[in-house]
$ cat run06.pdb   # PDB, C-alpha atoms and all ligand atoms
ATOM      1  CA  MET A 734      13.515  91.699  28.234  1.00  0.00           C
ATOM      2  CA  ASN A 735      12.484  94.976  26.643  1.00  0.00           C
ATOM      3  CA  GLU A 736      13.638  98.127  28.513  1.00  0.00           C
ATOM      4  CA  LYS A 737      10.939 100.308  26.943  1.00  0.00           C
ATOM      5  CA  ASN A 738       8.218  97.898  28.082  1.00  0.00           C
ATOM      6  CA  LEU A 739       9.732  97.725  31.548  1.00  0.00           C
ATOM      7  CA  SER A 740       9.812 101.507  31.965  1.00  0.00           C
ATOM      8  CA  ARG A 741       6.168 101.724  30.881  1.00  0.00           C
ATOM      9  CA  LEU A 742       5.274  99.128  33.518  1.00  0.00           C
ATOM     10  CA  ARG A 743       7.303 100.996  36.130  1.00  0.00           C
ATOM     11  CA  GLU A 744       5.514 104.264  35.348  1.00  0.00           C
ATOM     12  CA  ALA A 745       2.114 102.584  35.786  1.00  0.00           C
ATOM     13  CA  ILE A 746       2.782 101.194  39.271  1.00  0.00           C
ATOM     14  CA  ARG A 747       1.215 103.393  41.935  1.00  0.00           C
ATOM     15  CA  ASP A 748       2.798 103.889  45.361  1.00  0.00           C
ATOM     16  CA  VAL A 749       0.208 103.914  48.153  1.00  0.00           C
ATOM     17  CA  ASN A 750       1.645 105.142  51.443  1.00  0.00           C
ATOM     18  CA  ASP A 751       0.713 103.532  54.764  1.00  0.00           C
ATOM     19  CA  PHE A 752      -1.232 100.610  53.272  1.00  0.00           C
ATOM     20  CA  PRO A 753      -2.139  98.169  54.756  1.00  0.00           C
ATOM     21  CA  LYS A 754      -0.231  99.476  57.804  1.00  0.00           C
ATOM     22  CA  PRO A 755       1.607 102.704  58.712  1.00  0.00           C
ATOM     23  CA  GLY A 756       5.119 102.752  57.253  1.00  0.00           C
ATOM     24  CA  ILE A 757       4.415 100.373  54.347  1.00  0.00           C
ATOM     25  CA  VAL A 758       4.613 101.761  50.804  1.00  0.00           C
ATOM     26  CA  PHE A 759       2.274  99.455  48.887  1.00  0.00           C
ATOM     27  CA  LYS A 760       3.124  98.915  45.216  1.00  0.00           C
ATOM     28  CA  ASP A 761      -0.302  98.938  43.549  1.00  0.00           C
ATOM     29  CA  ILE A 762      -0.119  97.024  40.275  1.00  0.00           C
ATOM     30  CA  THR A 763      -3.832  97.348  39.409  1.00  0.00           C
ATOM     31  CA  PRO A 764      -3.201 100.168  36.851  1.00  0.00           C
ATOM     32  CA  ILE A 765      -1.220  97.595  34.824  1.00  0.00           C
ATOM     33  CA  LEU A 766      -4.107  95.119  34.960  1.00  0.00           C
ATOM     34  CA  ALA A 767      -6.621  97.802  33.989  1.00  0.00           C
ATOM     35  CA  SER A 768      -4.802  98.472  30.707  1.00  0.00           C
ATOM     36  CA  GLY A 769      -5.138  95.733  28.109  1.00  0.00           C
ATOM     37  CA  GLU A 770      -1.894  96.893  26.507  1.00  0.00           C
ATOM     38  CA  LEU A 771       0.153  97.043  29.719  1.00  0.00           C
ATOM     39  CA  PHE A 772      -1.197  93.743  31.019  1.00  0.00           C
ATOM     40  CA  ARG A 773      -0.114  92.075  27.780  1.00  0.00           C
ATOM     41  CA  LEU A 774       3.309  93.765  27.971  1.00  0.00           C
ATOM     42  CA  ALA A 775       3.703  92.483  31.528  1.00  0.00           C
ATOM     43  CA  ILE A 776       2.984  88.917  30.394  1.00  0.00           C
ATOM     44  CA  ASP A 777       5.402  89.364  27.455  1.00  0.00           C
ATOM     45  CA  GLU A 778       8.082  90.269  29.987  1.00  0.00           C
ATOM     46  CA  PHE A 779       7.206  87.350  32.278  1.00  0.00           C
ATOM     47  CA  VAL A 780       7.634  85.037  29.258  1.00  0.00           C
ATOM     48  CA  ALA A 781      11.045  86.620  28.625  1.00  0.00           C
ATOM     49  CA  ALA A 782      11.949  86.149  32.303  1.00  0.00           C
ATOM     50  CA  LEU A 783      11.397  82.377  31.953  1.00  0.00           C
ATOM     51  CA  GLY A 784      14.356  82.414  29.593  1.00  0.00           C
ATOM     52  CA  GLY A 785      13.446  79.241  27.730  1.00  0.00           C
ATOM     53  CA  THR A 786      13.061  77.142  30.894  1.00  0.00           C
ATOM     54  CA  SER A 787       9.715  75.727  29.578  1.00  0.00           C
ATOM     55  CA  PRO A 788       7.942  74.828  32.851  1.00  0.00           C
ATOM     56  CA  ASP A 789       5.156  72.219  32.983  1.00  0.00           C
ATOM     57  CA  LYS A 790       3.382  74.177  35.730  1.00  0.00           C
ATOM     58  CA  ILE A 791       3.163  77.793  36.803  1.00  0.00           C
ATOM     59  CA  VAL A 792       2.624  78.192  40.536  1.00  0.00           C
ATOM     60  CA  GLY A 793       1.000  81.519  41.415  1.00  0.00           C
ATOM     61  CA  ILE A 794       0.863  82.975  44.919  1.00  0.00           C
ATOM     62  CA  ASP A 795      -2.403  84.247  46.474  1.00  0.00           C
ATOM     63  CA  ALA A 796      -3.707  86.647  45.253  1.00  0.00           C
ATOM     64  CA  ARG A 797      -1.978  88.837  42.672  1.00  0.00           C
ATOM     65  CA  GLY A 798       0.291  85.957  41.681  1.00  0.00           C
ATOM     66  CA  PHE A 799      -2.865  84.228  40.408  1.00  0.00           C
ATOM     67  CA  ILE A 800      -3.511  87.018  37.941  1.00  0.00           C
ATOM     68  CA  PHE A 801      -0.063  87.131  36.363  1.00  0.00           C
ATOM     69  CA  GLY A 802       0.564  83.407  36.824  1.00  0.00           C
ATOM     70  CA  ALA A 803      -2.663  82.280  35.179  1.00  0.00           C
ATOM     71  CA  ALA A 804      -2.188  84.595  32.202  1.00  0.00           C
ATOM     72  CA  LEU A 805       1.419  83.391  31.841  1.00  0.00           C
ATOM     73  CA  ALA A 806       0.348  79.726  32.049  1.00  0.00           C
ATOM     74  CA  ASP A 807      -2.228  80.263  29.331  1.00  0.00           C
ATOM     75  CA  ARG A 808       0.318  82.073  27.154  1.00  0.00           C
ATOM     76  CA  ILE A 809       2.917  79.276  27.311  1.00  0.00           C
ATOM     77  CA  GLY A 810       0.515  76.344  27.459  1.00  0.00           C
ATOM     78  CA  ALA A 811       1.467  75.280  31.008  1.00  0.00           C
ATOM     79  CA  GLY A 812      -0.806  74.212  33.855  1.00  0.00           C
ATOM     80  CA  PHE A 813      -1.580  76.617  36.689  1.00  0.00           C
ATOM     81  CA  VAL A 814      -1.362  75.782  40.400  1.00  0.00           C
ATOM     82  CA  PRO A 815      -2.501  78.150  43.168  1.00  0.00           C
ATOM     83  CA  VAL A 816      -0.630  78.521  46.456  1.00  0.00           C
ATOM     84  CA  ARG A 817      -3.344  79.845  48.746  1.00  0.00           C
ATOM     85  CA  LYS A 818      -3.756  81.289  52.183  1.00  0.00           C
ATOM     86  CA  LYS A 819      -4.653  78.732  54.855  1.00  0.00           C
ATOM     87  CA  GLY A 820      -8.101  77.166  54.716  1.00  0.00           C
ATOM     88  CA  LYS A 821      -9.007  78.111  51.142  1.00  0.00           C
ATOM     89  CA  LEU A 822      -8.103  74.934  49.244  1.00  0.00           C
ATOM     90  CA  PRO A 823     -10.751  72.189  49.372  1.00  0.00           C
ATOM     91  CA  TRP A 824      -8.637  69.035  48.863  1.00  0.00           C
ATOM     92  CA  GLU A 825      -5.703  67.559  50.819  1.00  0.00           C
ATOM     93  CA  THR A 826      -2.968  70.111  51.330  1.00  0.00           C
ATOM     94  CA  HIS A 827       0.665  70.643  52.270  1.00  0.00           C
ATOM     95  CA  GLY A 828       1.204  73.803  54.316  1.00  0.00           C
ATOM     96  CA  ALA A 829       4.022  76.102  55.444  1.00  0.00           C
ATOM     97  CA  ALA A 830       4.069  79.013  57.913  1.00  0.00           C
ATOM     98  CA  TYR A 831       6.207  82.152  57.525  1.00  0.00           C
ATOM     99  CA  THR A 832       6.508  85.825  58.489  1.00  0.00           C
ATOM    100  CA  LEU A 833       5.925  88.610  55.969  1.00  0.00           C
ATOM    101  CA  GLU A 834       6.598  92.342  55.755  1.00  0.00           C
ATOM    102  CA  TYR A 835       3.349  93.146  57.538  1.00  0.00           C
ATOM    103  CA  GLY A 836       2.292  90.090  59.540  1.00  0.00           C
ATOM    104  CA  GLU A 837       2.256  86.315  59.933  1.00  0.00           C
ATOM    105  CA  ALA A 838       0.911  83.904  57.368  1.00  0.00           C
ATOM    106  CA  HIS A 839       0.443  80.296  56.359  1.00  0.00           C
ATOM    107  CA  VAL A 840       0.194  79.065  52.774  1.00  0.00           C
ATOM    108  CA  GLU A 841      -1.017  75.773  51.321  1.00  0.00           C
ATOM    109  CA  ILE A 842      -0.891  73.796  48.089  1.00  0.00           C
ATOM    110  CA  HIS A 843      -2.908  70.779  46.976  1.00  0.00           C
ATOM    111  CA  ARG A 844      -0.866  67.618  47.511  1.00  0.00           C
ATOM    112  CA  ASP A 845      -1.533  66.355  43.986  1.00  0.00           C
ATOM    113  CA  ALA A 846      -1.045  69.697  42.198  1.00  0.00           C
ATOM    114  CA  ILE A 847       2.537  68.961  41.146  1.00  0.00           C
ATOM    115  CA  LEU A 848       3.848  65.554  40.096  1.00  0.00           C
ATOM    116  CA  PRO A 849       7.353  64.460  41.125  1.00  0.00           C
ATOM    117  CA  GLY A 850       9.882  65.671  38.553  1.00  0.00           C
ATOM    118  CA  GLU A 851       7.635  68.304  36.979  1.00  0.00           C
ATOM    119  CA  LYS A 852       9.318  71.569  36.019  1.00  0.00           C
ATOM    120  CA  VAL A 853       7.775  74.493  37.873  1.00  0.00           C
ATOM    121  CA  ALA A 854       8.008  78.278  37.595  1.00  0.00           C
ATOM    122  CA  LEU A 855       6.909  80.279  40.631  1.00  0.00           C
ATOM    123  CA  VAL A 856       5.233  83.649  39.970  1.00  0.00           C
ATOM    124  CA  ASP A 857       4.168  86.517  42.212  1.00  0.00           C
ATOM    125  CA  ASP A 858       3.623  90.226  41.778  1.00  0.00           C
ATOM    126  CA  LEU A 859       6.168  91.313  44.352  1.00  0.00           C
ATOM    127  CA  LEU A 860       9.183  90.049  46.301  1.00  0.00           C
ATOM    128  CA  ALA A 861       9.410  91.819  49.663  1.00  0.00           C
ATOM    129  CA  THR A 862      10.991  89.840  52.536  1.00  0.00           C
ATOM    130  CA  GLY A 863      10.807  86.629  50.526  1.00  0.00           C
ATOM    131  CA  GLY A 864       8.875  84.810  53.248  1.00  0.00           C
ATOM    132  CA  THR A 865       5.930  83.985  50.992  1.00  0.00           C
ATOM    133  CA  ALA A 866       7.955  82.870  47.993  1.00  0.00           C
ATOM    134  CA  GLY A 867      10.348  80.926  50.251  1.00  0.00           C
ATOM    135  CA  ALA A 868       7.411  79.059  51.792  1.00  0.00           C
ATOM    136  CA  ALA A 869       5.948  78.367  48.333  1.00  0.00           C
ATOM    137  CA  MET A 870       9.319  76.981  47.180  1.00  0.00           C
ATOM    138  CA  LYS A 871       9.372  74.654  50.189  1.00  0.00           C
ATOM    139  CA  LEU A 872       5.910  73.336  49.259  1.00  0.00           C
ATOM    140  CA  ILE A 873       6.909  72.767  45.629  1.00  0.00           C
ATOM    141  CA  HIS A 874      10.021  70.858  46.718  1.00  0.00           C
ATOM    142  CA  GLU A 875       7.987  68.741  49.160  1.00  0.00           C
ATOM    143  CA  LEU A 876       5.793  67.633  46.264  1.00  0.00           C
ATOM    144  CA  GLY A 877       8.864  66.717  44.216  1.00  0.00           C
ATOM    145  CA  GLY A 878       8.671  69.603  41.753  1.00  0.00           C
ATOM    146  CA  GLU A 879      11.812  71.034  40.158  1.00  0.00           C
ATOM    147  CA  ILE A 880      11.791  74.850  40.327  1.00  0.00           C
ATOM    148  CA  VAL A 881      13.279  76.099  37.064  1.00  0.00           C
ATOM    149  CA  CYS A 882      12.519  79.792  37.574  1.00  0.00           C
ATOM    150  CA  THR A 883      11.096  82.182  40.160  1.00  0.00           C
ATOM    151  CA  THR A 884       9.853  85.460  38.782  1.00  0.00           C
ATOM    152  CA  PHE A 885       8.306  88.655  40.147  1.00  0.00           C
ATOM    153  CA  LEU A 886       6.997  91.824  38.589  1.00  0.00           C
ATOM    154  CA  VAL A 887       8.566  93.878  41.398  1.00  0.00           C
ATOM    155  CA  GLU A 888      11.442  93.279  43.810  1.00  0.00           C
ATOM    156  CA  LEU A 889      11.945  95.528  46.844  1.00  0.00           C
ATOM    157  CA  SER A 890      15.673  94.838  46.910  1.00  0.00           C
ATOM    158  CA  PHE A 891      16.295  96.783  50.148  1.00  0.00           C
ATOM    159  CA  LEU A 892      14.379  94.035  52.017  1.00  0.00           C
ATOM    160  CA  GLU A 893      16.870  91.437  50.744  1.00  0.00           C
ATOM    161  CA  GLY A 894      14.128  88.886  50.092  1.00  0.00           C
ATOM    162  CA  ARG A 895      16.396  86.798  47.884  1.00  0.00           C
ATOM    163  CA  ARG A 896      18.107  85.608  51.064  1.00  0.00           C
ATOM    164  CA  ASN A 897      14.955  83.592  51.832  1.00  0.00           C
ATOM    165  CA  LEU A 898      14.839  81.968  48.379  1.00  0.00           C
ATOM    166  CA  ASP A 899      16.798  78.964  47.143  1.00  0.00           C
ATOM    167  CA  SER A 900      20.098  80.406  45.970  1.00  0.00           C
ATOM    168  CA  GLY A 901      20.463  77.794  43.231  1.00  0.00           C
ATOM    169  CA  THR A 902      17.245  78.784  41.457  1.00  0.00           C
ATOM    170  CA  ARG A 903      17.018  81.245  38.570  1.00  0.00           C
ATOM    171  CA  THR A 904      15.301  84.316  40.077  1.00  0.00           C
ATOM    172  CA  VAL A 905      14.213  87.221  37.893  1.00  0.00           C
ATOM    173  CA  ALA A 906      12.467  90.451  38.915  1.00  0.00           C
ATOM    174  CA  LEU A 907      11.172  92.582  36.039  1.00  0.00           C
ATOM    175  CA  LEU A 908      11.394  95.811  38.086  1.00  0.00           C
ATOM    176  CA  THR A 909      13.692  96.474  41.053  1.00  0.00           C
ATOM    177  CA  TYR A 910      13.218  99.238  43.638  1.00  0.00           C
TER     178      TYR A 910
HETATM  179  P1  LIG B   1       7.039  88.813  51.344  1.00  0.00           P
HETATM  180  O1  LIG B   1       6.619  87.476  51.842  1.00  0.00           O
HETATM  181  O2  LIG B   1       7.462  89.744  52.436  1.00  0.00           O
HETATM  182  O3  LIG B   1       8.071  88.727  50.224  1.00  0.00           O
HETATM  183  O4  LIG B   1       5.736  89.503  50.775  1.00  0.00           O
HETATM  184  C1  LIG B   1       5.325  89.235  49.507  1.00  0.00           C
HETATM  185  C2  LIG B   1       3.829  89.184  49.395  1.00  0.00           C
HETATM  186  O5  LIG B   1       3.195  90.279  50.066  1.00  0.00           O
HETATM  187  C3  LIG B   1       3.466  89.296  47.962  1.00  0.00           C
HETATM  188  O6  LIG B   1       2.422  88.373  47.700  1.00  0.00           O
HETATM  189  C4  LIG B   1       3.042  90.733  47.769  1.00  0.00           C
HETATM  190  O7  LIG B   1       1.916  90.794  46.961  1.00  0.00           O
HETATM  191  C5  LIG B   1       2.744  91.254  49.158  1.00  0.00           C
HETATM  192  N1  LIG B   1       3.484  92.490  49.490  1.00  0.00           N
HETATM  193  C6  LIG B   1       4.433  92.635  50.457  1.00  0.00           C
HETATM  194  N2  LIG B   1       4.878  93.876  50.536  1.00  0.00           N
HETATM  195  C7  LIG B   1       4.233  94.571  49.578  1.00  0.00           C
HETATM  196  C8  LIG B   1       4.290  95.931  49.135  1.00  0.00           C
HETATM  197  N3  LIG B   1       5.103  96.830  49.697  1.00  0.00           N
HETATM  198  N4  LIG B   1       3.486  96.283  48.105  1.00  0.00           N
HETATM  199  C9  LIG B   1       2.662  95.386  47.531  1.00  0.00           C
HETATM  200  N5  LIG B   1       2.551  94.099  47.909  1.00  0.00           N
HETATM  201  C10 LIG B   1       3.332  93.688  48.922  1.00  0.00           C
END

$ encode --input "run06.pdb" --output "structure tokens" --more "lines below"
Ligand code: AMP
Amino acid sequence: MNEKNLSRLREAIRDVNDFPKPGIVFKDITPILASGELFRLAIDEFVAALGGTSPDKIVGIDARGFIFGAALADRIGAGFVPVRKKGKLPWETHGAAYTLEYGEAHVEIHRDAILPGEKVALVDDLLATGGTAGAAMKLIHELGGEIVCTTFLVELSFLEGRRNLDSGTRTVALLTY
């Protein structure tokens, strides 16, 4: 990973106080997306975070995980699989419920999106309490996928979200707060 790239990404992230609820400092990553150069740097760093694990599928979490995950999948020639909020996927699904930093949620994956034994990398913009990523990991395991890497642009380490992730899985956050 390239420290200069990472500090440029860090500088671009905008803190929005009290969004979506009082007391939450929302890490707004849209300034990175709005810059062609920074978006590409972010994907460069996600590729580095994979560390040669060469996944067959990238699983991205609704909604900002779709943006980084899909670009990463295209870059490395992997398939892309969305984990979506309840009721959004049209085909047969597996689901998991969890609590997150600001509410309750339920995520789903298509039952045929990952084949048993496929290598999977899980991608999201931000690790907060780890509820969302933990639920996504459960879904991937239920389908028989092997998680080779879990990667985030941002980790809010004070929320100790890694406690809700599989301890045996390679987990990389590009930026830690
Ligand atoms: P969690 O399940 O608590 O780890 O929450 C992670 C999900 O919620 C991710 O998909 C994030 O996009 C979003 N999220 C949670 N907290 C924040 C925050 N402070 N700033 C931006 N996004 C957040």

$ atom_distance --input "run06.pdb" --atom1 "CA of Glu744 (chain A)" --atom2 "CA of Leu766 (chain A)"
13.3 Å

$ resolve_selection --input "run06.pdb" --expression "the PyMOL selection byres (((not hetatm)) within 8 of (chain B and resi 1))" --output "NGL selection string"
:A and (757-762 or 794-798 or 831-835 or 857-867 or 889 or 894)

$ residues_around --input "run06.pdb" --residues "Ala767 (chain A)" --least-positions-apart "5" --cutoff "12 Å" --atoms "only C-alpha atoms" --output "list in words"
Leu742, Ala745, Ile746, Asp761, Ile762, Phe772, Arg773, Ala775 and Ile800 of chain A

$ resolve_selection --input "run06.pdb" --expression "the PyMOL selection byres (((chain A and resi 813) around 7) and not hetatm)" --output "VMD selection string"
chain A and resid 790 to 792 803 806 811 to 812 814 to 815

$ residues_around --input "run06.pdb" --residues "Glu825 (chain A)" --least-positions-apart "5" --cutoff "12 Å" --atoms "only C-alpha atoms" --output "JSON, numbers by chain"
{"A": [819, 820, 841, 842, 843, 844, 845, 846]}

$ write_last_selection --input "run06.pdb" --atoms "C-alpha atoms" --output "PDB file, keeping the file's coordinate frame"
ATOM      1  CA  LYS A 819      -4.653  78.732  54.855  1.00  0.00           C
ATOM      2  CA  GLY A 820      -8.101  77.166  54.716  1.00  0.00           C
ATOM      3  CA  GLU A 841      -1.017  75.773  51.321  1.00  0.00           C
ATOM      4  CA  ILE A 842      -0.891  73.796  48.089  1.00  0.00           C
ATOM      5  CA  HIS A 843      -2.908  70.779  46.976  1.00  0.00           C
ATOM      6  CA  ARG A 844      -0.866  67.618  47.511  1.00  0.00           C
ATOM      7  CA  ASP A 845      -1.533  66.355  43.986  1.00  0.00           C
ATOM      8  CA  ALA A 846      -1.045  69.697  42.198  1.00  0.00           C
TER       9      ALA A 846
END

$ atom_distance --input "run06.pdb" --atom1 "CA of Val856 (chain A)" --atom2 "CA of Phe885 (chain A)"
5.9 Å

$ atom_distance --input "run06.pdb" --atom1 "CA of Gly756 (chain A)" --atom2 "CA of Leu892 (chain A)"
13.8 Å

$ resolve_selection --input "run06.pdb" --expression "the PyMOL selection byres (((chain A and resi 883) around 9) and not hetatm)" --output "PyMOL selection string"
chain A and resi 782-783+853-857+866+870+880-882+884-885+902-906

$ residues_around --input "run06.pdb" --residues "Leu872 (chain A)" --least-positions-apart "3" --cutoff "9 Å" --atoms "all atoms listed in the file" --output "list of chain:residue names"
A:Val816, A:His827, A:Gly828, A:Ala829, A:Val840, A:Glu841, A:Ile842, A:Gly867, A:Ala868, A:Ala869, A:Glu875, A:Leu876, A:Gly877, A:Gly878

$ closest_residue --input "run06.pdb" --among "A:Asn897, A:Phe779, A:Arg743, A:Glu736" --to "Thr909 (chain A)" --atoms "only C-alpha atoms"
A:Arg743

$ residues_near_point --input "run06.pdb" --point "(13.9, 92.6, 26.7)" --cutoff "10 Å" --atoms "only C-alpha atoms" --output "VMD selection string"
chain A and resid 734 to 739 777 to 778 781 to 782 907

$ closest_residue --input "run06.pdb" --among "A:Asp789, A:Glu893, A:Asp748, A:Asp899" --to "Thr763 (chain A)" --atoms "all atoms listed in the file"
A:Asp748

$ residues_around --input "run06.pdb" --residues "Leu805 (chain A)" --least-positions-apart "3" --cutoff "8 Å" --atoms "all atoms listed in the file" --output "ChimeraX atom specification"
/A:776,779-780,791,801-802,808-809
